[in-house]
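S.K.: Next up, target_6.txt (compact mmCIF, C-alpha atoms).
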# COMPACT_ATOMS: atom_id res chain seq x y z
CA MET A 49 192.58 25.63 81.46
CA LEU A 50 194.17 24.89 78.08
CA ASN A 51 197.62 24.72 79.64
CA ASN A 52 196.42 22.18 82.19
CA ASN A 53 194.95 19.99 79.45
CA LEU A 54 198.19 20.15 77.45
CA LEU A 55 200.17 19.25 80.56
CA LYS A 56 197.94 16.26 81.24
CA LEU A 57 198.26 15.16 77.61
CA PHE A 58 202.05 15.45 77.81
CA PHE A 59 202.27 13.25 80.90
CA LEU A 60 199.83 10.77 79.35
CA LEU A 61 202.09 10.47 76.30
CA LEU A 62 205.14 9.92 78.53
CA ILE A 63 203.37 7.15 80.43
CA SER A 64 202.20 5.55 77.19
CA LEU A 65 205.68 5.64 75.69
CA ALA A 66 207.18 4.09 78.80
CA TYR A 67 204.52 1.37 78.77
CA TYR A 68 205.10 0.67 75.08
CA LYS A 69 208.88 0.53 75.60
CA ASN A 70 208.63 -1.89 78.51
CA MET A 71 206.05 -4.17 76.91
CA PHE A 72 207.11 -4.26 73.26
CA GLY A 73 210.55 -2.68 72.97
CA TYR A 74 213.84 -4.50 72.94
CA GLY A 75 214.53 -3.12 76.42
CA SER A 76 212.16 -5.67 77.94
CA ILE A 77 214.22 -8.84 77.34
CA PRO A 78 217.93 -9.75 77.62
CA PRO A 79 219.87 -9.64 74.33
CA GLN A 80 220.82 -13.31 74.43
CA GLU A 81 220.57 -16.37 76.66
CA PRO A 82 222.39 -16.36 78.90
CA THR A 83 223.45 -12.72 78.93
CA ILE A 84 226.87 -12.52 80.61
CA VAL A 85 227.11 -9.49 82.92
CA LYS A 86 230.70 -8.80 84.01
CA THR A 87 230.71 -7.18 87.44
CA SER A 88 233.16 -5.23 89.60
CA ALA A 89 232.69 -3.40 92.90
CA PHE A 90 234.70 -0.82 94.87
CA ILE A 91 234.15 0.53 98.37
CA THR A 92 234.26 4.33 98.58
CA ASP A 93 233.37 4.71 102.26
CA ILE A 94 232.58 2.61 105.32
CA GLN A 95 229.95 4.66 107.14
CA SER A 96 229.18 2.54 110.17
CA LEU A 97 229.45 -0.90 111.69
CA ASP A 98 226.72 -1.71 114.21
CA GLU A 99 227.97 -4.70 116.19
CA VAL A 100 224.91 -4.84 118.47
CA ASN A 101 222.54 -5.35 115.50
CA GLU A 102 225.21 -6.95 113.28
CA GLN A 103 224.70 -4.44 110.47
CA LEU A 104 227.14 -2.71 108.13
CA GLN A 105 226.61 0.49 106.12
CA ILE A 106 228.96 1.22 103.21
CA ASP A 107 229.11 3.24 100.00
CA VAL A 108 229.93 1.10 96.96
CA ILE A 109 230.45 1.75 93.26
CA PHE A 110 229.22 -1.14 91.12
CA LYS A 111 230.14 -1.51 87.46
CA PHE A 112 228.25 -3.92 85.19
CA ARG A 113 229.26 -4.65 81.61
CA TRP A 114 227.45 -6.68 78.97
CA ASN A 115 226.98 -6.73 75.19
CA ASP A 116 223.72 -5.95 73.43
CA PRO A 117 224.09 -6.15 69.60
CA ARG A 118 220.72 -4.41 69.22
CA LEU A 119 222.35 -1.18 70.49
CA LYS A 120 225.20 -1.03 67.96
CA PHE A 121 225.65 2.31 66.19
CA ASN A 122 228.01 4.02 63.76
CA ALA A 123 230.39 6.27 65.71
CA ASN A 124 231.17 8.35 62.62
CA GLU A 125 227.51 9.03 61.89
CA GLU A 126 226.70 9.81 65.51
CA LYS A 127 229.96 11.78 65.87
CA THR A 128 230.56 10.41 69.36
CA PRO A 129 232.70 7.56 70.76
CA TYR A 130 229.82 6.49 73.02
CA ILE A 131 226.25 7.38 73.96
CA LEU A 132 225.82 8.52 77.55
CA TYR A 133 222.76 8.38 79.82
CA GLN A 134 223.05 9.95 83.28
CA GLY A 135 220.73 10.41 86.23
CA ASP A 136 217.47 8.74 87.19
CA PHE A 137 215.31 10.37 84.51
CA GLN A 138 217.52 9.38 81.57
CA TYR A 139 218.04 5.92 83.07
CA ASP A 140 214.33 5.26 83.66
CA GLU A 141 212.63 7.11 80.81
CA ILE A 142 215.02 7.72 77.89
CA PHE A 143 217.32 4.70 77.74
CA GLU A 144 215.45 2.02 75.75
CA GLY A 145 217.91 -0.85 76.01
CA TRP A 146 217.73 -3.81 78.34
CA LYS A 147 219.39 -3.53 81.74
CA PRO A 148 219.58 -5.99 84.65
CA GLN A 149 217.81 -5.15 87.87
CA ILE A 150 220.40 -5.83 90.54
CA SER A 151 219.21 -6.94 93.97
CA ILE A 152 221.19 -7.38 97.21
CA ILE A 153 219.64 -10.30 99.10
CA ASN A 154 220.72 -9.28 102.62
CA GLU A 155 220.19 -5.52 102.18
CA VAL A 156 218.09 -3.84 104.89
CA GLY A 157 215.46 -1.36 103.69
CA SER A 158 215.05 0.14 100.23
CA PRO A 159 218.04 0.56 97.87
CA GLN A 160 219.70 3.97 98.16
CA ILE A 161 221.19 4.76 94.75
CA LYS A 162 223.15 8.03 94.76
CA ALA A 163 224.24 8.19 91.12
CA ARG A 164 223.92 6.09 87.97
CA GLN A 165 225.29 6.19 84.45
CA ILE A 166 225.01 4.11 81.28
CA LYS A 167 227.52 4.20 78.41
CA ILE A 168 226.81 2.49 75.09
CA TYR A 169 229.73 1.87 72.73
CA PRO A 170 229.56 1.37 68.94
CA ASP A 171 230.13 -2.40 69.19
CA GLY A 172 227.09 -2.79 71.46
CA ASN A 173 229.04 -3.00 74.72
CA VAL A 174 227.07 -1.45 77.58
CA VAL A 175 228.68 -0.24 80.81
CA TYR A 176 226.31 0.55 83.67
CA THR A 177 227.87 2.26 86.72
CA GLU A 178 226.05 3.10 89.93
CA GLN A 179 226.98 4.36 93.37
CA ARG A 180 224.74 3.10 96.13
CA THR A 181 224.66 3.00 99.90
CA LEU A 182 224.36 -0.55 101.18
CA HIS A 183 222.82 -1.22 104.58
CA LEU A 184 223.64 -4.88 105.12
CA GLU A 185 222.56 -7.37 107.73
CA THR A 186 225.45 -9.78 108.10
CA PRO A 187 226.43 -12.13 110.96
CA MET A 188 229.70 -11.53 112.81
CA GLN A 189 232.10 -13.92 114.52
CA LEU A 190 233.16 -12.24 117.75
CA GLU A 191 234.92 -15.04 119.66
CA LYS A 192 238.28 -13.21 119.47
CA PHE A 193 236.92 -9.77 120.45
CA PRO A 194 238.75 -7.33 120.57
CA PHE A 195 241.38 -9.07 118.41
CA ASP A 196 238.83 -10.23 115.85
CA LYS A 197 238.76 -10.02 112.07
CA GLN A 198 235.43 -9.88 110.30
CA THR A 199 234.48 -10.95 106.79
CA LEU A 200 231.13 -9.36 106.04
CA LYS A 201 229.21 -10.31 102.91
CA ALA A 202 226.65 -9.01 100.44
CA TYR A 203 224.89 -11.36 98.04
CA ILE A 204 224.15 -9.96 94.57
CA ILE A 205 221.61 -11.44 92.14
CA PRO A 206 219.91 -10.29 88.91
CA PHE A 207 216.34 -10.00 90.17
CA GLY A 208 213.73 -11.80 88.09
CA TYR A 209 216.13 -13.81 85.92
CA ASP A 210 217.37 -17.36 86.31
CA SER A 211 220.91 -18.47 85.47
CA ASN A 212 219.86 -19.51 81.96
CA GLU A 213 218.77 -15.94 81.18
CA VAL A 214 221.30 -13.74 83.00
CA LYS A 215 224.61 -14.80 84.50
CA LEU A 216 226.70 -12.54 86.73
CA VAL A 217 230.46 -13.10 86.52
CA VAL A 218 233.40 -11.27 88.07
CA GLU A 219 235.29 -8.83 85.85
CA PRO A 220 238.58 -10.62 84.97
CA ASN A 221 240.89 -7.84 86.23
CA HIS A 222 238.85 -7.11 89.36
CA ARG A 223 241.12 -8.88 91.87
CA ILE A 224 244.29 -7.12 90.67
CA THR A 225 242.54 -3.75 90.75
CA VAL A 226 241.23 -4.36 94.30
CA LYS A 227 244.73 -5.06 95.65
CA ASP A 228 245.98 -1.71 94.32
CA TYR A 229 242.82 0.08 95.46
CA VAL A 230 243.12 -1.05 99.10
CA LYS A 231 246.81 -0.11 99.10
CA ASP A 232 246.17 3.36 97.63
CA HIS A 233 243.10 4.17 99.77
CA PRO A 234 244.07 3.59 103.42
CA ASN A 235 241.49 6.15 104.60
CA VAL A 236 238.50 4.00 103.60
CA ASN A 237 238.02 3.08 107.26
CA ILE A 238 235.98 3.81 110.35
CA ALA A 239 237.07 4.17 113.96
CA GLU A 240 238.44 0.97 115.51
CA TRP A 241 238.47 -0.85 112.15
CA HIS A 242 240.90 -1.25 109.28
CA LEU A 243 239.89 -2.35 105.79
CA THR A 244 242.23 -5.18 104.79
CA ASN A 245 240.54 -6.40 101.62
CA PHE A 246 237.32 -6.76 99.70
CA ASN A 247 236.57 -9.27 97.04
CA LEU A 248 233.94 -10.35 94.55
CA VAL A 249 233.62 -14.04 93.77
CA ASN A 250 231.30 -16.29 91.79
CA THR A 251 229.24 -18.68 93.88
CA ASN A 252 227.16 -21.69 93.03
CA PRO A 253 223.75 -20.67 91.70
CA THR A 254 221.14 -20.36 94.40
CA LYS A 255 217.53 -21.48 94.09
CA TYR A 256 214.59 -19.17 94.46
CA TYR A 257 211.21 -20.52 95.39
CA TYR A 258 208.66 -17.95 94.27
CA GLY A 259 206.92 -19.49 91.28
CA LYS A 260 208.78 -22.26 89.48
CA SER A 261 211.94 -23.35 91.30
CA GLU A 262 214.92 -22.14 89.25
CA LYS A 263 218.59 -21.45 89.87
CA VAL A 264 219.77 -17.84 90.02
CA SER A 265 223.30 -16.61 89.32
CA MET A 266 224.79 -14.98 92.41
CA LEU A 267 227.96 -13.08 93.32
CA GLU A 268 229.39 -12.85 96.84
CA PHE A 269 230.85 -9.46 97.75
CA SER A 270 233.00 -9.92 100.86
CA ILE A 271 234.48 -7.09 102.94
CA SER A 272 237.38 -7.99 105.25
CA LEU A 273 237.87 -5.78 108.30
CA GLU A 274 240.38 -6.02 111.14
CA ARG A 275 239.59 -4.48 114.52
CA LYS A 276 242.08 -2.10 116.11
CA PRO A 277 242.14 -3.38 119.72
CA THR A 278 243.81 -0.30 121.22
CA ASN A 279 240.56 1.20 122.56
CA ILE A 280 239.47 -1.93 124.47
CA LEU A 281 243.01 -2.59 125.65
CA LEU A 282 243.42 0.90 127.12
CA LYS A 283 239.90 1.24 128.52
CA VAL A 284 239.17 -2.28 129.76
CA LEU A 285 241.80 -5.02 129.66
CA ILE A 286 244.88 -3.15 130.91
CA PRO A 287 243.02 -1.21 133.68
CA LEU A 288 241.33 -4.44 134.75
CA THR A 289 244.68 -6.24 134.96
CA LEU A 290 246.14 -3.43 137.07
CA LEU A 291 243.05 -3.52 139.28
CA VAL A 292 243.49 -7.25 139.94
CA LEU A 293 247.18 -6.71 140.74
CA ALA A 294 246.27 -3.94 143.17
CA MET A 295 243.72 -6.15 144.96
CA TRP A 296 246.46 -8.61 145.86
CA ALA A 297 247.77 -6.03 148.32
CA VAL A 298 245.49 -7.76 150.85
CA PHE A 299 248.05 -10.57 151.09
CA TRP A 300 250.48 -8.09 152.70
CA MET A 301 247.91 -6.68 155.12
CA ASP A 302 247.42 -7.58 158.76
CA THR A 303 245.87 -11.05 158.96
CA LYS A 304 243.43 -9.80 161.61
CA ALA A 305 242.16 -6.84 159.53
CA LEU A 306 239.30 -8.77 157.91
CA SER A 307 237.12 -5.72 157.34
CA ASP A 308 239.83 -3.81 155.46
CA ARG A 309 240.79 -6.85 153.39
CA LEU A 310 237.18 -7.52 152.38
CA ASN A 311 236.53 -3.87 151.52
CA ILE A 312 239.43 -3.84 149.07
CA ALA A 313 238.42 -7.18 147.52
CA PHE A 314 234.76 -6.17 147.08
CA ILE A 315 235.78 -2.89 145.43
CA GLY A 316 237.63 -4.98 142.86
CA ILE A 317 234.64 -7.30 142.32
CA LEU A 318 232.26 -4.36 141.79
CA SER A 319 234.70 -2.84 139.32
CA VAL A 320 234.76 -6.06 137.29
CA ILE A 321 230.95 -6.09 137.21
CA ALA A 322 230.98 -2.48 135.98
CA TYR A 323 233.39 -3.43 133.19
CA GLN A 324 231.07 -6.31 132.26
CA PHE A 325 228.16 -3.90 131.77
CA LEU A 326 230.42 -1.66 129.68
CA ILE A 327 231.32 -4.52 127.34
CA GLU A 328 227.75 -5.84 127.06
CA GLY A 329 226.57 -2.44 125.79
CA GLU A 330 228.82 -2.79 122.74
CA MET A 331 228.11 -6.44 121.91
CA PRO A 332 225.15 -8.28 120.33
CA ASP A 333 223.28 -10.99 122.22
CA ILE A 334 225.44 -14.01 121.48
CA ASP A 335 225.36 -17.52 122.91
CA TYR A 336 229.11 -17.97 123.32
CA LEU A 337 231.93 -16.45 125.35
CA THR A 338 234.37 -14.07 123.69
CA PHE A 339 238.01 -13.62 124.68
CA THR A 340 237.05 -10.49 126.63
CA ASP A 341 234.21 -12.35 128.39
CA GLY A 342 236.68 -15.04 129.41
CA PHE A 343 239.11 -12.40 130.66
CA LEU A 344 236.39 -10.71 132.75
CA LEU A 345 235.20 -14.05 134.14
CA LEU A 346 238.77 -14.99 135.04
CA SER A 347 239.34 -11.65 136.79
CA PHE A 348 236.05 -11.99 138.68
CA THR A 349 236.97 -15.53 139.79
CA ILE A 350 240.44 -14.46 140.96
CA LEU A 351 239.01 -11.56 142.98
CA PHE A 352 236.31 -13.78 144.47
CA SER A 353 239.06 -16.24 145.44
CA THR A 354 240.84 -13.35 147.15
CA VAL A 355 237.75 -12.85 149.32
CA LEU A 356 237.69 -16.56 150.18
CA GLU A 357 241.39 -16.47 151.05
CA SER A 358 240.81 -13.57 153.45
CA LEU A 359 237.91 -15.42 155.11
CA ILE A 360 240.04 -18.57 155.50
CA VAL A 361 242.89 -16.52 157.01
CA TYR A 362 240.48 -14.91 159.49
CA TRP A 363 239.04 -18.33 160.36
CA LEU A 364 242.57 -19.64 161.05
CA ILE A 365 243.21 -16.64 163.30
CA LYS A 366 240.04 -17.48 165.22
CA LEU A 367 241.38 -21.02 165.66
CA ASP A 368 244.60 -19.54 167.04
CA LYS A 369 246.65 -20.71 164.05
CA GLN A 370 248.40 -17.42 163.31
CA SER A 371 251.53 -19.00 161.85
CA PHE A 372 249.54 -21.11 159.39
CA ALA A 373 247.46 -18.07 158.40
CA LYS A 374 250.65 -16.10 157.78
CA ARG A 375 252.08 -18.89 155.62
CA LEU A 376 248.84 -18.99 153.60
CA ASP A 377 249.19 -15.26 152.87
CA ILE A 378 252.81 -15.73 151.78
CA PHE A 379 251.81 -18.65 149.56
CA SER A 380 248.97 -16.60 148.01
CA ARG A 381 251.37 -13.77 147.09
CA PHE A 382 252.93 -16.12 144.53
CA ALA A 383 250.12 -18.58 143.78
CA PHE A 384 247.53 -15.99 142.70
CA PRO A 385 249.74 -14.14 140.14
CA ILE A 386 251.05 -17.42 138.69
CA THR A 387 247.52 -18.83 138.40
CA TYR A 388 246.27 -15.60 136.79
CA ILE A 389 249.08 -15.61 134.22
CA LEU A 390 248.56 -19.30 133.40
CA PHE A 391 244.84 -18.82 132.83
CA ILE A 392 245.44 -15.75 130.64
CA PHE A 393 247.86 -17.84 128.59
CA SER A 394 245.20 -20.55 128.35
CA LEU A 395 242.71 -17.97 127.04
CA TYR A 396 245.27 -16.93 124.46
CA LEU A 397 245.71 -20.54 123.31
CA ILE A 398 241.96 -21.16 123.17
CA TYR A 399 240.87 -17.96 121.41
CA LEU A 400 243.81 -16.30 119.70
CA HIS A 401 246.44 -18.90 118.84
Re-express the file's structure as structure tokens.
M.R.:
Amino acid sequence: MLNNNLLKLFFLLLISLAYYKNMFGYGSIPPQEPTIVKTSAFITDIQSLDEVNEQLQIDVIFKFRWNDPRLKFNANEEKTPYILYQGDFQYDEIFEGWKPQISIINEVGSPQIKARQIKIYPDGNVVYTEQRTLHLETPMQLEKFPFDKQTLKAYIIPFGYDSNEVKLVVEPNHRITVKDYVKDHPNVNIAEWHLTNFNLVNTNPTKYYYGKSEKVSMLEFSISLERKPTNILLKVLIPLTLLVLAMWAVFWMDTKALSDRLNIAFIGILSVIAYQFLIEGEMPDIDYLTFTDGFLLLSFTILFSTVLESLIVYWLIKLDKQSFAKRLDIFSRFAFPITYILFIFSLYLIYLH
């Protein structure tokens, strides 16, 4: 019974100390106005890219640096070059200095912080490092699919502070460091994608509208990815092209064999429809045509035209115009491939050039 009372008293003291620190201690307000927080960010892993829901999941290490003269100490007296706080308990309960609460505007769900660390140096410089998993909701531009490049963004703000109180700025050497980091870490990728760059830039302050309308300092963390088109090329575009070429065999068939000609053409049309369902399962609901959609539509139109050509040839045979029907088949042997190539080139100019 006595032990339980002591335990309750201990926890009550902890709660009281935390309350006192947050309400009256110097950890409750920024050290100066505005407090400049120098920021850098590095991607450690790209876990997934959900194109259907337009969401990205990545592991990122953030580093924030600011100066708080209230935390200065004598390194000789303390016998240490810096004071270190690690883990959630030391961060939340023991560290008494001020720290910014960083919020990602377009993050989905609760923040997932894997590790955190605070270092305080004798001159009052504070370096806060954290590793967190970001689950971002970010729009994608898929017009060039599967030859597309995506720039996905996270928007970082100091929650609860306007730009007159706390200002986020990019660490001066961040861009140079990023270039070397991307070059030295080629394995920070996921299947079908290649990380080409990531960057952190200052943006114009954004307004928030809860309470008094104020401007908030914001950083834009952009991740540039380039799709590797090999998978779609080998599984969809190249097989579909070969299928269309094979369907043109009807132009060499007997002009009277309507049933055989139509069977071959309809097999091709059904195959194109199957490919369309395959592509739709990997794409979000978008209100525009992608390069692949255009390619599928072109292939469907060409194969449907093949059916019409066979029906016209059969109709000419019925009218006893065999020679004209034969000439139409010979003309189609050249006209269809040339038309197909010209339209593919047009798609290239529209989407990829």
S.K.: Counting all atoms listed in the file, give me one row per residue of region 200-291 of chain A with an atom at most 8 Å from an atom of region 176-193 of chain A, showing the shortest contact pair and its distance in Å to one decimal, sorted by chain then residue number, as a tab-separated table.
M.R.:
residue	atom	partner	partner_atom	distance
A:Leu200	CA	A:Thr186	CA	6.1
A:Lys201	CA	A:Thr186	CA	6.4
A:Ala202	CA	A:Leu184	CA	6.9
S.K.: Counting all atoms listed in the file, figure out which residue out of A:Val249, A:Ile91, A:Met301, A:Leu285 gets nearest to Val320 (chain A).
M.R.: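 Checking each candidate against Val320 (chain A), we get A:Leu285 as the closest.
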S.K.: Counting all atoms listed in the file, note down every residue that has an atom within 10 Å of the point (219.4, 1.5, 79.5) (file coordinates), as a ChimeraX atom specification.
M.R.: /A:75,119,132-134,138-148,165-168,174-176
S.K.: What's the separation between CA of Phe90 (chain A) and CA of Ile109 (chain A), in Å to one decimal place?
M.R.: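 Straight-line distance from CA of Phe90 (chain A) to CA of Ile109 (chain A) works out to 5.2 Å.
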S.K.: Check the smallest atom-to-atom distance from each of A:Leu395, A:Ile150, A:Leu97, A:Ile84 to Ile238 (chain A) using all atoms listed in the file, then report the winner.
M.R.: A:Leu97
S.K.: Could you give me, as an MDAnalysis selection string, the residues within 12 Å of Asn212 (chain A), counting only C-alpha atoms and dropping anything in the same chain fewer than 4 positions from it?
M.R.: chainID A and resid 78 80:84 206 208 216 253 262:265
S.K.: Output C-alpha atoms for every residue in that selection, as a compact mmCIF listing (two decimals), keeping the file's coordinate frame.
M.R.:
# COMPACT_ATOMS: atom_id res chain seq x y z
CA PRO A 78 217.93 -9.75 77.62
CA GLN A 80 220.82 -13.31 74.43
CA GLU A 81 220.57 -16.37 76.66
CA PRO A 82 222.39 -16.36 78.90
CA THR A 83 223.45 -12.72 78.93
CA ILE A 84 226.87 -12.52 80.61
CA PRO A 206 219.91 -10.29 88.91
CA GLY A 208 213.73 -11.80 88.09
CA LEU A 216 226.70 -12.54 86.73
CA PRO A 253 223.75 -20.67 91.70
CA GLU A 262 214.92 -22.14 89.25
CA LYS A 263 218.59 -21.45 89.87
CA VAL A 264 219.77 -17.84 90.02
CA SER A 265 223.30 -16.61 89.32
S.K.: May I ask for the distance between CA of Asn311 (chain A) and CA of Leu356 (chain A), given in Å to one decimal place?
M.R.: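 Between CA of Asn311 (chain A) and CA of Leu356 (chain A) the gap works out to 12.8 Å.
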S.K.: What does the distance from CA of Phe391 (chain A) to CA of Ala313 (chain A) come to in Å, to one decimal?
M.R.: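 Distance between the two atoms: 19.8 Å.
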S.K.: List the spatial neighbours of Val85 (chain A) as a list of chain:residue names - criterion: any atom at most 7 Å away, all atoms listed in the file, same-chain residues fewer than 5 positions off excluded.
M.R.: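 In the requested form, the answer reads A:Phe112, A:Arg113, A:Trp114, A:Lys215, A:Leu216, A:Val217.
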S.K.: Please check which residues have atoms at most 10 Å from (233.2, -12.1, 89.7) in the file's coordinates, counting all atoms listed in the file, and write them as a PyMOL selection string.
M.R.: chain A and resi 85-89+216-223+247-251+266-269
S.K.: Include C-alpha atoms and write out the residues we just selected as a PDB file, in the frame of the given file.
M.R.:
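Writing the result to part-v4.pdb gives the following:
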ATOM      1  CA  VAL A  85     227.110  -9.490  82.920  1.00  0.00           C
ATOM      2  CA  LYS A  86     230.700  -8.800  84.010  1.00  0.00           C
ATOM      3  CA  THR A  87     230.710  -7.180  87.440  1.00  0.00           C
ATOM      4  CA  SER A  88     233.160  -5.230  89.600  1.00  0.00           C
ATOM      5  CA  ALA A  89     232.690  -3.400  92.900  1.00  0.00           C
ATOM      6  CA  LEU A 216     226.700 -12.540  86.730  1.00  0.00           C
ATOM      7  CA  VAL A 217     230.460 -13.100  86.520  1.00  0.00           C
ATOM      8  CA  VAL A 218     233.400 -11.270  88.070  1.00  0.00           C
ATOM      9  CA  GLU A 219     235.290  -8.830  85.850  1.00  0.00           C
ATOM     10  CA  PRO A 220     238.580 -10.620  84.970  1.00  0.00           C
ATOM     11  CA  ASN A 221     240.890  -7.840  86.230  1.00  0.00           C
ATOM     12  CA  HIS A 222     238.850  -7.110  89.360  1.00  0.00           C
ATOM     13  CA  ARG A 223     241.120  -8.880  91.870  1.00  0.00           C
ATOM     14  CA  ASN A 247     236.570  -9.270  97.040  1.00  0.00           C
ATOM     15  CA  LEU A 248     233.940 -10.350  94.550  1.00  0.00           C
ATOM     16  CA  VAL A 249     233.620 -14.040  93.770  1.00  0.00           C
ATOM     17  CA  ASN A 250     231.300 -16.290  91.790  1.00  0.00           C
ATOM     18  CA  THR A 251     229.240 -18.680  93.880  1.00  0.00           C
ATOM     19  CA  MET A 266     224.790 -14.980  92.410  1.00  0.00           C
ATOM     20  CA  LEU A 267     227.960 -13.080  93.320  1.00  0.00           C
ATOM     21  CA  GLU A 268     229.390 -12.850  96.840  1.00  0.00           C
ATOM     22  CA  PHE A 269     230.850  -9.460  97.750  1.00  0.00           C
TER      23      PHE A 269
END
S.K.: Choose the residue, out of A:Leu104, A:Met331, A:Leu243, A:Ala305, that has the smallest atom-to-atom separation from Val156 (chain A); count only C-alpha atoms.
M.R.: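 Counting only C-alpha atoms, the residue closest to Val156 (chain A) is A:Leu104.
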